[in-house]
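*Asks:* My questions all concern the structure below.
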Amino acid sequence: MKNKIILALSIYLHLTLFGNLNANALEGIKTKNKEIKNINREISLFEATDGQNIKRAISHENAGLTNQARLIFEQIFNAKKSSSYIFSNYKRFLVRQEDWEKLIEVSREYANSNKGNPNAKLALVESLLSVSEKSQMYAEFEDEGYKIIDDLILESLADITELTNISKLKRYMSRLVYYGKYEFAILKINQIRNQYDYPDFYSKELGKYYLSNREYEQSLNEFILCLTNQVELGKYINNEYGSIRNQFIRFPEEENIKKIIIKTLTENPLKIKSNILSEYKFNWGDYEEASDLMINNYFNERSLYNFSINMMKEGQLLNAKKIFHFLMNSNNNEIVEISILQLATILEITAKKEKIYLPISDRIIENSFLELEPFGYTKINFKSNELSKAVMMYDSLITKYNNSKAKYKVAEFKSIANINYHESINDFIELEKKATDRTIRFESAIKIIDISIDNGLIDNKLLSLIEKYKNKYTGKDQGNYLNLKKYQILFYLKKFDKLIAELENNLKSLDKGNPFYNEFLDGITLMMLFNNKDDDLSLFCDGLLEIKKTNYSEAIKKFHLLSKSQADIVNNICSYYLAYIYINLHDYNLAKESLSFIVGDNIFSEFTLLLSAELDDYVIKDINSAADRYMNFINQFESSIFYEEIRIRLEEIIG
Amino acid sequence: MKIRYQILLIIFFNICFSQKILIPMDHLQSNHLKAYGIAFLNLEKLNNVDWLLNYRGGSFLMDDIDDIQSICKIRGVSYELIDSWALSEILSTIELNNMEIILLEKLPKIAVYSPPDKQRWDDAVTLALTYADIKYDIIFDDEVINNKINDYDWLHLHHEDFTGQYGKFYRSYRNEIWYKKMESDFNQTARKHGFNSVHNLKKFIALKIKQYVFDGGFLFAMCSGTDSFDIALAAHSVDIVEMVFDGTPIDPNYKSKMNFSNGVAFENYSIITNPMIYEFSDIDYPSNKSPHLKTAEEDYFTLFEFSAKWDPIPTMLTQNHVGIINGFRGQTTGFNRNVLKKHVVVLGEVENTPEVKYIHGNVGKGTFTFLGGHDPEDYTHKVGDPVTDLSLHPNSPGYRLILNNVLFPAARKKDKKT
């Protein structure tokens with residue numbers, strides 16, 4: 001180091017004396033730099049010698065030459081008794097050789113060579129305490145170890161407000177616990193807690209220690225003690241990294257341990273204890289008790305709100321509702337607003353009728369070019385009390401907070417009710433222009449197009465509106481979504497040639513990974529299936545538009561008419577969409593009857609067979625019939641993209 | 001006219017006798033592991049199965065009965081329908097090449113030696129059996145002591161420690177709840193059966209298992225179930241466990257008291273008694289103590305090719321669709337070639353190194369097979385790691401070795417030709 005300073009100074013003098021950095025001066029700097037590097041290299045070589053010697057000693061030891069290894073260790077230790085690196089390696093060697101007396105001797109020498117260094121003293125303590133356990137003849141070392149560590153503790157206690165002293169104290173305790181000197185450690189911990197006004201000292205660590213020893217009651221009590229510390233409490237409430245919350249999860253979920261937890265947390269009730277118990281009850285599935293406990297023992301409203309969101313995720317809508325109702329009385333406007341929004345969502349969910357679930361068929365119909373609603377989709381029951389309450393809540397959010405999402409929801413309800421679609425369109429026009437959230441504005445634009453299609457308002461004016469939106473919404477995939485809407489309108493307008501040309505063009509430039517690629521491809525495939533039979537395609541188009549308008553009786557007529565077609569594929573398409581209508585009307589017998597007319601081997605016979613199997617499996621619950629149909633599918637459509645999914649389902653139901 | 005009748009007759013016979021199904025086990029098979037389950041299911045239904053050793057990766061041939069085609073389809077197992085002409089072609093191919101037909105006719109009863117509680121690590125065998133839909137029972141110390149073990153044809157040991165050192169997890173896990181529970185449960189069992197320590201109990205269990213094999217049982221062990229079993233047998237009458245495990249020091253003369261003739265597979269090895277070292281002995285190669293010199297991609301082992309007609313047993317155990325298999329580590333990764341007993345047959349090895357991965361041998365009327373490593377599809381499976389999802393590895397060559405062992409006891413016994 002000294003050399004470095006001298007060299008740096010000489011360079012500095014060299015530069016100041018000669019003023020300008022001429023070529024000679026630069027050459028001088030380079031030479032000096034080289035000298036510095038050489039000195040550094042020598043220094044590092046010297047440091048590496050210790051490492052190399054230690055490696056050599058360990059190699060000798062591994063080869064069974066322990067005496068030689070011992071000799072090397074002795075030599076390098078005697079040369080540098082204060083080196084912690086050499087000492088720790090030598091110590092490990094002596095432990096492996098079980099040479100306890102030498103270990104004590106070396107530890108003493110190391111501590112003496114590092115006077116005033118608490119780490120060296122601690123190293124001696126560790127050796128004394130570990131050796132004292134090895135045999136009765138070494139028992140006396142225990143007292144000596146205690147005395148030294150006691151002195152170290154007293155040194156650190158001189159200024160307990162210093163953070164470094166606290167971490168030193170914790171380190172001493174952890175060493176005592178590690179070497180099994182548990183009673184002495186507890187004595188010292190209690191002393192620090194009582195005499196130095198530090199009631200939660202070492203509580204987190206002790207809690208972990210008890211937990212690993214399966215002493216659950218003591219562990220919980222220590223963790224609760226730890227939470228009297230405001231920093232730890234803050235971490236717990238906000239679920240921060242390294243919070244005590246992670247320790248509570250480690251308690252096994254066994255009946256006898258549950259009893260211990262409940263007993264510990266209900267004795268001498270405290271707010272924090274009840275709060276923890278509430279979290280446990282939630283994890284154990286006692287949701288009602290959990291929500292009651294949390295309402296009475298929460299620490300801040302945001303954490304209570306998050307607790308209720310978790311209830312919703314678990315499907316516990318009633319309990320979540322109870323908490324959101326409670327939060328509606330908060331003085332914090334933001335909490336009130338988001339709680340009302342969640343409450344309205346819950347009410348909306350409960351107002352909806354239970355939808356039937358056909359995993360693959362729903363996916364097929366939803367991801368199609370025409371974006372039909374999934375099978376058995378039922379509209380919201382507007383007469384239900386829940387929905388009226390939800391609408392009232394959304395209204396209050398609009399009045400009080402001018403909430404865009406609430407406005408969108410109310411407009412959506414109105415449009416579904418279909419009392420006056422012009423009014424609905426106007427609502428969304430208003431939202432599309434004025435909503436503060438840009439996503440809500442785009443969604444409103446899509447809604448305007450959808451409501452227009454659903455009510456048969458398909459004309460060139462609507463196409464112009466889409467072009468206008470395309471200029472306005474240029475975000476990722478917004479253009480493609482608007483294109484899809486445009487293509488749907490072209491389809492319903494029966495401009496098939498133009499549609500095919502545009503789809504072909506678009507597919508050429510679109511990446512295959514684009515989320516709309518499949519929809520566009522589906523559109524072109526659908527038209528190709530009709531094989532230039534424009535009359536049939538036109539009738540099919542009329543039928544689908546009636547489905548969109550929820551005018552099912554007209555749709556059935558169109559499809560019956562279409563089913564007179566000579567083409568197998570057209571017949572299968574009719575069977576499929578007739579079944580779709582009957583399922584939406586909940587007439588499953590007629591749906592099954594439609595599905596029984598499958599002819600040929602084409603994409604719609606595949607969809608139809610799959611739909612009939614899923615209808616048996618998930619709706620009619622006729623497992624035998626479902627298994628037969630799945631089996632037929634497997635036999636008939638070996639190269640289907642749904643093959644593996646269906647095989648796994650079949651394996652699940654029949655094993 | 002005569003010729004026409006003859007043709008019709010041939011077609012008729014062809015139709016009548018075209019009732020065979022071939023489950024190919026080469027690269028064309030979509031689910032190798034479940035294919036073993038199909039063979040097992042056939043045995044369960046008292047139908048025989050022909051195991052075509054070395055023919056298309058060790059294919060199975062069976063009668064097309066009992067909806068076997070549908071079951072194959074449901075389980076995603078590829079199969080081919082075989083008519084009499086194709087069958088005769090297969091038979092002649094087998095006759096002319098290093099191939100053999102082994103008749104599987106007995107449904108083996110399978111037991112896995114494992115604690116009743118869920119372990120903190122995978123057991124590759126139970127995973128393979130469950131995935132392939134092969135039935136098995138779990139047995140542990142009580143069942144072995146009560147001789148229930150004799151009800152089974154096949155016994156599997158996985159990541160167990162028969163030396164009574166609690167898996168040598170002392171250094172890293174001694175404060176963990178599961179470790180302490182294991183300690184307490186094992187001690188309770190030892191006391192219940194009148195043993196003063198866990199290592200004495202475990203050594204007794206090892207001896208019972210050896211007797212089971214001696215009487216005709218089939219033993220398959222993996223990972224530390226291999227070397228710890230052999231060490232427990234050799235150290236039967238000597239204390240080799242440190243004070244931290246049983247409260248008593250090790251026998252200072254333990255080295256001279258080791259009786260290697262009691263073991264089944266290894267000899268002249270050195271045991272490691274230090275509880276802080278996660279290793280039982282120098283049987284394990286490469287040792288856990290030495291640094292990993294290879295990456296997972298560089299680690300593989302080669303299966304030996306045996307004469308199917310002369311050595312059908314090792315051939316059965318090495319059936320696979322590949323000859324080179326990805327390596328996988330474990331507490332016991334492989335075996336040091338230098339400590340193998342003379343009679344042990346090497347089935348798989350890491351070429352040009354002392355590492356042997358897969359071995360087999362006879363003990364009395366029975367046999368043992370040891371496979372080093374923990375989980376063939378998880379290179380370094382650690383305590384607490386998530387369970388391997390075998391549906392993601394339906395063609396695993398490493399797992400195939402395990403399932404070869406499961407079917408092996410179903411074979412009709414033939415006299416050995418070598």
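Here, A, B, ... name the chains of the structure tokens in the order displayed, residue numbers run from 1 inside each chain, and ligands are numbered from 1 in the same displayed order.
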Could you tell me which residues of chain B sit within 8 Å of chain A when counting only C-alpha atoms, and give me the result as a ChimeraX atom specification?
*Replies:* /B:70,73-76,175-177,180
*Asks:* List every residue of stretch 77-294 of chain B that DSSP, applied to the backbone of this structure, places in alpha helix (DSSP H), and write the result as a count of residues only.
*Replies:* 82
*Asks:* As a ChimeraX atom specification, please: the residues near A:Asn67 (cut-off 12 Å, only C-alpha atoms, same-chain neighbours under 4 positions excluded).
*Replies:* /A:57-58,60-63,71-74,93-94,97
*Asks:* If we count only C-alpha atoms and set the cut-off at 10 Å, which residues sit around A:Glu593, ignoring sequence neighbours fewer than 2 positions away in its own chain? Please answer as a list in words.
*Replies:* Ser575, Leu578, Ala579, Tyr582, Tyr588, Asn589, Leu590, Ala591, Leu595, Ser596, Phe597 and Ser612 of chain A
*Asks:* Which residue out of B:Asp375, B:Asp239, B:Glu143, B:Asp385 has the minimum interatomic distance to B:Leu127 when only C-alpha atoms are used?
*Replies:*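 Among the listed residues, the smallest separation from B:Leu127 belongs to B:Asp375.
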*Asks:* With DSSP run on the backbone, what are the strand (DSSP E or B) residues within stretch 123-261 of chain B? I'd like them as a PDB file with N, CA, C and O atoms, in the first residue's frame.
*Replies:*
```
ATOM      1  N   ASP B 137     -47.755 -52.214  -3.351  1.00  0.00           N
ATOM      2  CA  ASP B 137     -48.047 -51.923  -1.943  1.00  0.00           C
ATOM      3  C   ASP B 137     -46.836 -51.257  -1.318  1.00  0.00           C
ATOM      4  O   ASP B 137     -45.702 -51.523  -1.712  1.00  0.00           O
ATOM      5  N   ILE B 138     -47.123 -50.408  -0.323  1.00  0.00           N
ATOM      6  CA  ILE B 138     -46.018 -49.799   0.426  1.00  0.00           C
ATOM      7  C   ILE B 138     -45.820 -50.632   1.694  1.00  0.00           C
ATOM      8  O   ILE B 138     -46.787 -50.903   2.407  1.00  0.00           O
ATOM      9  N   ILE B 139     -44.587 -51.038   1.941  1.00  0.00           N
ATOM     10  CA  ILE B 139     -44.307 -51.733   3.198  1.00  0.00           C
ATOM     11  C   ILE B 139     -43.152 -51.017   3.891  1.00  0.00           C
ATOM     12  O   ILE B 139     -42.375 -50.335   3.237  1.00  0.00           O
ATOM     13  N   TRP B 154     -41.415 -58.943  -5.790  1.00  0.00           N
ATOM     14  CA  TRP B 154     -40.482 -57.885  -6.180  1.00  0.00           C
ATOM     15  C   TRP B 154     -40.453 -56.837  -5.088  1.00  0.00           C
ATOM     16  O   TRP B 154     -41.509 -56.375  -4.633  1.00  0.00           O
ATOM     17  N   LEU B 155     -39.282 -56.463  -4.680  1.00  0.00           N
ATOM     18  CA  LEU B 155     -39.167 -55.442  -3.632  1.00  0.00           C
ATOM     19  C   LEU B 155     -38.262 -54.322  -4.122  1.00  0.00           C
ATOM     20  O   LEU B 155     -37.196 -54.565  -4.692  1.00  0.00           O
ATOM     21  N   HIS B 156     -38.708 -53.121  -3.870  1.00  0.00           N
ATOM     22  CA  HIS B 156     -37.907 -51.977  -4.288  1.00  0.00           C
ATOM     23  C   HIS B 156     -37.448 -51.146  -3.092  1.00  0.00           C
ATOM     24  O   HIS B 156     -38.217 -50.885  -2.162  1.00  0.00           O
ATOM     25  N   LEU B 157     -36.189 -50.744  -3.132  1.00  0.00           N
ATOM     26  CA  LEU B 157     -35.645 -49.824  -2.131  1.00  0.00           C
ATOM     27  C   LEU B 157     -35.191 -48.584  -2.871  1.00  0.00           C
ATOM     28  O   LEU B 157     -34.556 -48.698  -3.910  1.00  0.00           O
ATOM     29  N   PHE B 218     -36.943 -60.889  -5.765  1.00  0.00           N
ATOM     30  CA  PHE B 218     -36.252 -59.987  -6.701  1.00  0.00           C
ATOM     31  C   PHE B 218     -36.116 -58.631  -6.030  1.00  0.00           C
ATOM     32  O   PHE B 218     -37.116 -58.037  -5.628  1.00  0.00           O
ATOM     33  N   LEU B 219     -34.886 -58.155  -5.922  1.00  0.00           N
ATOM     34  CA  LEU B 219     -34.651 -56.865  -5.269  1.00  0.00           C
ATOM     35  C   LEU B 219     -34.166 -55.859  -6.297  1.00  0.00           C
ATOM     36  O   LEU B 219     -33.260 -56.141  -7.080  1.00  0.00           O
ATOM     37  N   PHE B 220     -34.796 -54.698  -6.281  1.00  0.00           N
ATOM     38  CA  PHE B 220     -34.328 -53.612  -7.130  1.00  0.00           C
ATOM     39  C   PHE B 220     -34.118 -52.396  -6.237  1.00  0.00           C
ATOM     40  O   PHE B 220     -35.015 -52.027  -5.476  1.00  0.00           O
ATOM     41  N   ALA B 221     -32.925 -51.815  -6.297  1.00  0.00           N
ATOM     42  CA  ALA B 221     -32.650 -50.661  -5.435  1.00  0.00           C
ATOM     43  C   ALA B 221     -32.039 -49.532  -6.244  1.00  0.00           C
ATOM     44  O   ALA B 221     -31.376 -49.760  -7.261  1.00  0.00           O
ATOM     45  N   MET B 222     -32.312 -48.329  -5.776  1.00  0.00           N
ATOM     46  CA  MET B 222     -31.745 -47.141  -6.438  1.00  0.00           C
ATOM     47  C   MET B 222     -31.120 -46.235  -5.388  1.00  0.00           C
ATOM     48  O   MET B 222     -31.406 -46.352  -4.202  1.00  0.00           O
TER      49      MET B 222
END
```
*Asks:* Interatomic distance between atom CA of A:Ala555 and atom CA of A:Phe540?
*Replies:*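 One can read the atom CA of A:Ala555 to atom CA of A:Phe540 distance as 9.2 Å.
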